[in-house]
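Enquirer: Got a structure for you, written out below as structure tokens; questions coming shortly.
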Amino acid sequence: MADPTTVECSSACTVTVVHELSLPPLQLDAEGAIQISSAILLVWAAGWACRTLIRHLKTVDGNQPSESE
């Protein structure tokens, strides 16, 4: 967070200005980051498992003798 800037007027008023850049992805706490990274990892693992299963099925299917033999 930015440091507040205080401006004092000649009369009896005081104005405080705070300049802050507010982007939601940059304000992520540790719990939110863990949830997002877990979801990404879970999707990646599911894709990897599907890819491995498909490769295994192609290998097993390719080694089977054909019905005509």
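Each chain of the structure tokens is named A, B, ... in the order shown, its residues numbered from 1; ligands are numbered from 1 in display order.
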If DSSP is run on the backbone, what residues of region 2-61 of chain A are strand (DSSP E or B)? A reply as a PyMOL selection string would be ideal.
Expert: chain A and resi 5-8+14-17
Enquirer: In Å, how far is it from CA of Leu28 (chain A) to CA of Ala45 (chain A)?
Expert: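 These atoms are spaced 23.9 Å apart.
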